[in-house]
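This report refers to the structure that appears directly beneath it.
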Amino acid sequence: SLVLLIDEYDTPLTECLDDPKLFLQVRNYLSKFYSILKSNDTALRFLFITGITKFSKTNIFSALNNLTDISLSTEYGSLLGYTHKEVEEYFSKYLSCASETLKVEREELLNQLTAHYDGFCFEENAKQKVFAPWSLLHFFSSPERGLKDYWFESGGKPSVLAKYLQSHTLRDPMYYGKEKALALNILSGSSDVENLSDVGLLTQAGYLTIKRIQGTTAYVDYPNLEVRTAMAQLYLEQMLRGRTVEQIGAGNIAYLLANENAESVYHNLNHFLRGIDYRAYKDFKESSIQSFIQIYCAGAGLRARTEVHNNKGRSDLEVRSGFRHWVFEFKLVKDGESPEKKLREAEIQMKERSYGLSETHLEIKRMALVFSLKDREFVKWAEIL
């Protein structure tokens with residue numbers, strides 16, 4: 001008897017999404033192939049097929065209609081990754097070695113690994129979380145490198161997503177970092193080539209994962225810091241029209257925040273903002289600035305949070321880099337309004353509401369910035385001591 005394993009069955013189709021005639025030809029070839037399997041099913045002991053997108057109009061599996069879809073099965077929820085228990089049990093020596101190499105307590109290291117590489121959920125009860133094997137194994141092979149981002153390079157931009165982004169845009173950057181809802185049957189059902197959902201596709205591609213289920217609704221978000229960084233990189237590509245931050249004259253924001261002064265950060269943020277395609281983002285709000293800067297920082301691997309609450313209010317953006325904790329307050333000024341007045345408002349607000357002062361173990365850097373809608377850049381700044 002024959003065991004047949006087919007990985008990424010949909011790749012031949014997603015490679016030609018932009019060519020309907022070729023797509024049809026490939027579909028027909030694949031359909032014939034699966035028809036042959038059906039006619040010889042007595043010779044098959046086991047057939048296992050993986051893929052990202054399940055197309056509904058291709059009729060690829062119309063002949064092979066005895067398949068069992070286990071995509072969201074709770075029984076197989078840990079099939080495609082390592083559980084927390086498995087990591088502790090089977091990688092115990094590697095954890096100890098990495099702990100010694102990085103001079104970090106074993107428990108703290110496991111917490112860091114969980115934040116960076118864990119969190120993927122592939123079952124409909126949203127109870128089982130798993131680590132990404134590729135990233136975790138790469139870390140264990142070279143722990144001296146630290147917690148690097150491996151997922152994006154290993155296939156974090158599959159062809160179906162690349163093709164989709166050629167003719168579609170991601171949601172507005174204001175949606176970055178927010179939990180998203182979609183019908184559970186979108187994840188378990190099939191997709192039309194013409195009507196691929198951005199949230200559904202990002203979930204199938206691994207950028208978003210199931211966080212919780214409420215009735216027939218799935219709430220999805222980024223599984224971990226590594227994927228959050230990869231998503232920010234996708235947004236940056238879109239916002240900068242395919243250019244890198246270096247190509248538009250902006251620097252490594254992680255290095256600048258960790259080592260440079262507030263004035264350098266001010267000028268660098270303006271370099272970044274000037275590189276954004278404003279034809280695609282015309283309606284600026286204060287929340288738009290928050291999202292743009294958040295994505296810029298996240299794309300550099302930093303954990304940037306918007307609307308951070310304390311007992312007196314909420315700051316616009318907070319981000320940690322090295323031994324520094326930066327707190328930003330943004331104000332928008334329209335034509336005819338006084339930038340100086342807006343700057344004073346931001347300064348008073350940051351002082352009275354004690355933004356960021358709870359991070360006593362780090363060097364606190366607080367900065368007020370005024371963005372001009374007319375000039376499309378920051379025109380005033382001040383460092384709050």
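Here, A, B, ... name the chains of the structure tokens in the order displayed, residue numbers run from 1 inside each chain, and ligands are numbered from 1 in the same displayed order.
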
TODO: For Tyr29 of chain A, list every protein, DNA or RNA residue within 9 Å, evaluated using only C-alpha atoms, and leave out those in the same chain fewer than 5 positions away; present the list as a list in words.
DONE: Leu24, Tyr34 and Ile60 of chain A

Keeping only N, CA and C atoms, write the selected residues to a file as an mmCIF file, in the first residue's frame.
data_model
loop_
_atom_site.group_PDB
_atom_site.id
_atom_site.type_symbol
_atom_site.label_atom_id
_atom_site.label_comp_id
_atom_site.auth_asym_id
_atom_site.auth_seq_id
_atom_site.Cartn_x
_atom_site.Cartn_y
_atom_site.Cartn_z
ATOM 1 N N LEU A 24 -6.756 28.261 -15.071
ATOM 2 C CA LEU A 24 -7.713 27.237 -15.487
ATOM 3 C C LEU A 24 -6.999 25.984 -15.980
ATOM 4 N N TYR A 34 -5.907 14.274 -9.203
ATOM 5 C CA TYR A 34 -6.661 13.791 -8.053
ATOM 6 C C TYR A 34 -7.733 12.783 -8.457
ATOM 7 N N ILE A 60 -11.074 21.015 -7.868
ATOM 8 C CA ILE A 60 -9.929 20.109 -7.878
ATOM 9 C C ILE A 60 -10.277 18.786 -7.227
#

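Every protein, DNA or RNA residue with an atom at most 10 Å from Arg314 of chain A, where only C-alpha atoms count and chain neighbours fewer than 4 positions away do not, is listed here: Thr306, Glu307, Val308, His309, Asn310, Glu329, Gln349, Met350, Arg353, Ser354, Tyr355 and Gly356 of chain A.
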
Keeping N, CA, C and O atoms, export the residues of the selection given above as a compact mmCIF listing (two decimals), in the first residue's frame.
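Final file, selection32.txt:
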# COMPACT_ATOMS: atom_id res chain seq x y z
N THR A 306 0.13 51.50 21.50
CA THR A 306 -0.63 52.74 21.46
C THR A 306 -1.67 52.75 22.57
O THR A 306 -2.07 51.70 23.08
N GLU A 307 -2.09 53.96 22.94
CA GLU A 307 -3.14 54.14 23.95
C GLU A 307 -2.81 53.37 25.24
O GLU A 307 -3.58 52.52 25.71
N VAL A 308 -1.64 53.67 25.81
CA VAL A 308 -1.21 53.00 27.04
C VAL A 308 -1.81 53.72 28.25
O VAL A 308 -1.56 54.90 28.47
N HIS A 309 -2.59 52.98 29.05
CA HIS A 309 -3.34 53.59 30.15
C HIS A 309 -2.53 53.62 31.45
O HIS A 309 -1.75 52.71 31.73
N ASN A 310 -2.74 54.66 32.21
CA ASN A 310 -2.34 54.68 33.63
C ASN A 310 -3.54 55.21 34.41
O ASN A 310 -4.65 55.32 33.87
N GLU A 329 3.66 61.80 22.74
CA GLU A 329 2.35 62.43 22.70
C GLU A 329 2.28 63.24 21.41
O GLU A 329 3.14 64.10 21.15
N GLN A 349 -0.15 68.10 29.21
CA GLN A 349 -0.86 66.83 29.31
C GLN A 349 0.07 65.72 29.80
O GLN A 349 -0.29 64.93 30.68
N MET A 350 1.28 65.65 29.24
CA MET A 350 2.23 64.60 29.63
C MET A 350 2.65 64.75 31.09
O MET A 350 2.80 63.77 31.81
N ARG A 353 -0.47 64.12 33.62
CA ARG A 353 -0.96 62.74 33.64
C ARG A 353 0.15 61.71 33.84
O ARG A 353 -0.09 60.52 33.79
N SER A 354 1.36 62.18 34.05
CA SER A 354 2.50 61.32 34.43
C SER A 354 2.69 60.15 33.47
O SER A 354 2.97 59.03 33.89
N TYR A 355 2.59 60.42 32.17
CA TYR A 355 2.75 59.34 31.20
C TYR A 355 4.13 58.70 31.30
O TYR A 355 5.16 59.38 31.32
N GLY A 356 4.17 57.38 31.35
CA GLY A 356 5.42 56.62 31.27
C GLY A 356 6.25 56.56 32.52
O GLY A 356 7.27 55.87 32.55

Task: Within 9 Å of segment 38-41 of chain A using only C-alpha atoms, minus same-chain residues under 4 positions, as a PyMOL selection string - done: chain A and resi 33-34+45+63-66

TODO: Write out as a ChimeraX atom specification which residues come within 10 Å of Tyr235 of chain A when counting only C-alpha atoms, dropping same-chain ones fewer than 4 positions away.
DONE: /A:169-173,176,229-231,239-242,292,295-296,299

How about saving the chosen residues, N, CA and C atoms kept, as a PDB file, in the first residue's frame?
ATOM      1  N   THR A 169      -4.829  46.013  -1.212  1.00  0.00           N
ATOM      2  CA  THR A 169      -4.058  46.645  -0.147  1.00  0.00           C
ATOM      3  C   THR A 169      -4.474  46.032   1.181  1.00  0.00           C
ATOM      4  N   LEU A 170      -3.584  46.115   2.137  1.00  0.00           N
ATOM      5  CA  LEU A 170      -3.941  45.705   3.485  1.00  0.00           C
ATOM      6  C   LEU A 170      -4.924  46.713   4.064  1.00  0.00           C
ATOM      7  N   ARG A 171      -5.527  46.350   5.143  1.00  0.00           N
ATOM      8  CA  ARG A 171      -6.408  47.299   5.817  1.00  0.00           C
ATOM      9  C   ARG A 171      -5.638  48.555   6.202  1.00  0.00           C
ATOM     10  N   ASP A 172      -6.383  49.601   6.482  1.00  0.00           N
ATOM     11  CA  ASP A 172      -5.763  50.844   6.913  1.00  0.00           C
ATOM     12  C   ASP A 172      -4.810  50.566   8.079  1.00  0.00           C
ATOM     13  N   PRO A 173      -3.641  51.195   8.087  1.00  0.00           N
ATOM     14  CA  PRO A 173      -2.689  50.977   9.188  1.00  0.00           C
ATOM     15  C   PRO A 173      -3.274  51.194  10.581  1.00  0.00           C
ATOM     16  N   TYR A 176      -3.766  48.073  12.499  1.00  0.00           N
ATOM     17  CA  TYR A 176      -2.629  47.278  12.957  1.00  0.00           C
ATOM     18  C   TYR A 176      -2.665  47.146  14.476  1.00  0.00           C
ATOM     19  N   THR A 229       6.151  41.531  14.043  1.00  0.00           N
ATOM     20  CA  THR A 229       7.195  42.245  13.305  1.00  0.00           C
ATOM     21  C   THR A 229       7.047  42.013  11.811  1.00  0.00           C
ATOM     22  N   ALA A 230       6.779  40.767  11.412  1.00  0.00           N
ATOM     23  CA  ALA A 230       6.612  40.441   9.997  1.00  0.00           C
ATOM     24  C   ALA A 230       5.424  41.200   9.404  1.00  0.00           C
ATOM     25  N   MET A 231       4.341  41.308  10.174  1.00  0.00           N
ATOM     26  CA  MET A 231       3.167  42.030   9.691  1.00  0.00           C
ATOM     27  C   MET A 231       3.479  43.511   9.520  1.00  0.00           C
ATOM     28  N   MET A 239       3.040  51.009   2.740  1.00  0.00           N
ATOM     29  CA  MET A 239       3.061  52.435   3.019  1.00  0.00           C
ATOM     30  C   MET A 239       4.149  53.159   2.242  1.00  0.00           C
ATOM     31  N   LEU A 240       5.297  52.483   2.039  1.00  0.00           N
ATOM     32  CA  LEU A 240       6.445  53.108   1.376  1.00  0.00           C
ATOM     33  C   LEU A 240       6.554  52.712  -0.092  1.00  0.00           C
ATOM     34  N   ARG A 241       5.496  52.124  -0.624  1.00  0.00           N
ATOM     35  CA  ARG A 241       5.442  51.731  -2.039  1.00  0.00           C
ATOM     36  C   ARG A 241       6.616  50.828  -2.429  1.00  0.00           C
ATOM     37  N   GLY A 242       6.894  49.846  -1.575  1.00  0.00           N
ATOM     38  CA  GLY A 242       7.910  48.854  -1.881  1.00  0.00           C
ATOM     39  C   GLY A 242       9.328  49.243  -1.517  1.00  0.00           C
ATOM     40  N   PHE A 292       1.182  54.922  12.127  1.00  0.00           N
ATOM     41  CA  PHE A 292       2.363  54.976  11.262  1.00  0.00           C
ATOM     42  C   PHE A 292       3.646  54.770  12.062  1.00  0.00           C
ATOM     43  N   ILE A 295       3.950  51.185  13.512  1.00  0.00           N
ATOM     44  CA  ILE A 295       4.369  50.203  12.505  1.00  0.00           C
ATOM     45  C   ILE A 295       5.843  50.368  12.182  1.00  0.00           C
ATOM     46  N   TYR A 296       6.305  51.600  12.122  1.00  0.00           N
ATOM     47  CA  TYR A 296       7.731  51.865  11.878  1.00  0.00           C
ATOM     48  C   TYR A 296       8.576  51.199  12.956  1.00  0.00           C
ATOM     49  N   GLY A 299       8.243  47.289  12.829  1.00  0.00           N
ATOM     50  CA  GLY A 299       8.998  46.716  11.730  1.00  0.00           C
ATOM     51  C   GLY A 299      10.469  46.568  12.044  1.00  0.00           C
TER      52      GLY A 299
END

Open item on the list: With only C-alpha atoms as the counted atoms, please give the residues lying no more than 9 Å from Leu225 of chain A, apart from itself and same-chain residues fewer than 4 positions off, as a PyMOL selection string.
Closed with: chain A and resi 115-118+149+229-230+298+301-303

Using N, CA and C atoms, can you export the residues from the last selection as a PDB file, in the first residue's frame?
ATOM      1  N   ALA A 115       6.871  34.439  24.222  1.00  0.00           N
ATOM      2  CA  ALA A 115       6.440  35.721  23.661  1.00  0.00           C
ATOM      3  C   ALA A 115       6.842  35.866  22.202  1.00  0.00           C
ATOM      4  N   HIS A 116       7.991  35.310  21.836  1.00  0.00           N
ATOM      5  CA  HIS A 116       8.497  35.491  20.472  1.00  0.00           C
ATOM      6  C   HIS A 116       7.980  34.456  19.482  1.00  0.00           C
ATOM      7  N   TYR A 117       7.872  33.181  19.900  1.00  0.00           N
ATOM      8  CA  TYR A 117       7.642  32.109  18.934  1.00  0.00           C
ATOM      9  C   TYR A 117       6.387  31.270  19.182  1.00  0.00           C
ATOM     10  N   ASP A 118       5.723  31.436  20.310  1.00  0.00           N
ATOM     11  CA  ASP A 118       4.549  30.625  20.649  1.00  0.00           C
ATOM     12  C   ASP A 118       3.276  31.331  20.175  1.00  0.00           C
ATOM     13  N   ASP A 149      14.315  36.954  14.351  1.00  0.00           N
ATOM     14  CA  ASP A 149      13.072  36.682  13.630  1.00  0.00           C
ATOM     15  C   ASP A 149      13.386  35.798  12.428  1.00  0.00           C
ATOM     16  N   THR A 229       6.151  41.531  14.043  1.00  0.00           N
ATOM     17  CA  THR A 229       7.195  42.245  13.305  1.00  0.00           C
ATOM     18  C   THR A 229       7.047  42.013  11.811  1.00  0.00           C
ATOM     19  N   ALA A 230       6.779  40.767  11.412  1.00  0.00           N
ATOM     20  CA  ALA A 230       6.612  40.441   9.997  1.00  0.00           C
ATOM     21  C   ALA A 230       5.424  41.200   9.404  1.00  0.00           C
ATOM     22  N   ALA A 298       7.579  48.755  15.083  1.00  0.00           N
ATOM     23  CA  ALA A 298       7.349  47.313  15.096  1.00  0.00           C
ATOM     24  C   ALA A 298       8.108  46.618  13.978  1.00  0.00           C
ATOM     25  N   GLY A 301      11.374  45.484  14.944  1.00  0.00           N
ATOM     26  CA  GLY A 301      11.415  44.466  15.985  1.00  0.00           C
ATOM     27  C   GLY A 301      11.122  44.976  17.382  1.00  0.00           C
ATOM     28  N   LEU A 302      10.613  46.199  17.507  1.00  0.00           N
ATOM     29  CA  LEU A 302      10.317  46.767  18.820  1.00  0.00           C
ATOM     30  C   LEU A 302       8.860  46.530  19.186  1.00  0.00           C
ATOM     31  N   ARG A 303       8.601  46.439  20.469  1.00  0.00           N
ATOM     32  CA  ARG A 303       7.223  46.306  20.953  1.00  0.00           C
ATOM     33  C   ARG A 303       6.681  47.710  21.196  1.00  0.00           C
TER      34      ARG A 303
END

Open item on the list: Residues of segment 92-297 of chain A classed as alpha helix (DSSP H) by DSSP on the backbone are to be reported as a PyMOL selection string.
Closed with: chain A and resi 92-102+106-117+133-141+159-167+184-188+198-204+225-239+253-259+262-274+286-297

TODO: Find the spatial neighbours of Ala183 of chain A, counting only C-alpha atoms, within a cut-off of 10 Å - ignore same-chain residues fewer than 4 positions away - and output them as a PyMOL selection string.
DONE: chain A and resi 187-188+200+213-219

Resulting file, chosen residues, N, CA, C and O atoms, as an mmCIF file, in the first residue's frame:
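Here's the written file again-v1.cif:
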data_model
loop_
_atom_site.group_PDB
_atom_site.id
_atom_site.type_symbol
_atom_site.label_atom_id
_atom_site.label_comp_id
_atom_site.auth_asym_id
_atom_site.auth_seq_id
_atom_site.Cartn_x
_atom_site.Cartn_y
_atom_site.Cartn_z
ATOM 1 N N LEU A 187 -12.900 30.413 7.931
ATOM 2 C CA LEU A 187 -11.674 29.644 8.127
ATOM 3 C C LEU A 187 -11.849 28.187 7.758
ATOM 4 O O LEU A 187 -10.921 27.539 7.273
ATOM 5 N N SER A 188 -13.037 27.655 7.990
ATOM 6 C CA SER A 188 -13.254 26.240 7.715
ATOM 7 C C SER A 188 -13.765 25.992 6.302
ATOM 8 O O SER A 188 -13.645 24.886 5.784
ATOM 9 N N GLY A 200 -9.115 36.594 6.432
ATOM 10 C CA GLY A 200 -9.109 35.148 6.274
ATOM 11 C C GLY A 200 -7.806 34.644 5.685
ATOM 12 O O GLY A 200 -7.235 33.652 6.147
ATOM 13 N N ILE A 213 -12.945 32.143 20.584
ATOM 14 C CA ILE A 213 -14.144 31.867 19.804
ATOM 15 C C ILE A 213 -15.352 32.295 20.625
ATOM 16 O O ILE A 213 -15.466 31.983 21.809
ATOM 17 N N GLN A 214 -16.231 33.021 19.993
ATOM 18 C CA GLN A 214 -17.474 33.424 20.650
ATOM 19 C C GLN A 214 -18.626 33.097 19.703
ATOM 20 O O GLN A 214 -18.845 33.782 18.713
ATOM 21 N N GLY A 215 -19.355 32.025 20.026
ATOM 22 C CA GLY A 215 -20.418 31.581 19.136
ATOM 23 C C GLY A 215 -19.845 31.108 17.814
ATOM 24 O O GLY A 215 -19.019 30.203 17.758
ATOM 25 N N THR A 216 -20.274 31.738 16.733
ATOM 26 C CA THR A 216 -19.777 31.386 15.398
ATOM 27 C C THR A 216 -18.743 32.395 14.889
ATOM 28 O O THR A 216 -18.418 32.403 13.705
ATOM 29 N N THR A 217 -18.232 33.221 15.799
ATOM 30 C CA THR A 217 -17.254 34.246 15.424
ATOM 31 C C THR A 217 -15.878 33.898 15.979
ATOM 32 O O THR A 217 -15.749 33.539 17.152
ATOM 33 N N ALA A 218 -14.881 33.995 15.130
ATOM 34 C CA ALA A 218 -13.493 33.797 15.557
ATOM 35 C C ALA A 218 -12.825 35.160 15.673
ATOM 36 O O ALA A 218 -12.951 36.005 14.778
ATOM 37 N N TYR A 219 -12.127 35.381 16.777
ATOM 38 C CA TYR A 219 -11.377 36.619 16.978
ATOM 39 C C TYR A 219 -9.896 36.282 16.800
ATOM 40 O O TYR A 219 -9.365 35.399 17.473
#

Open item on the list: Taking only C-alpha atoms into account, name the residue in A:Val370, A:Leu22, A:Leu165, A:Val199 that is nearest to Asn270 of chain A.
Closed with: A:Val370

TODO: May I have the residues within 10 Å of segment 50-55 of chain A as a VMD selection string, using only C-alpha atoms and disregarding those fewer than 5 positions away in the same chain?
DONE: chain A and resid 5 to 11 13 to 14 60 to 61 71 158 to 161 187 to 193 196 200 to 206
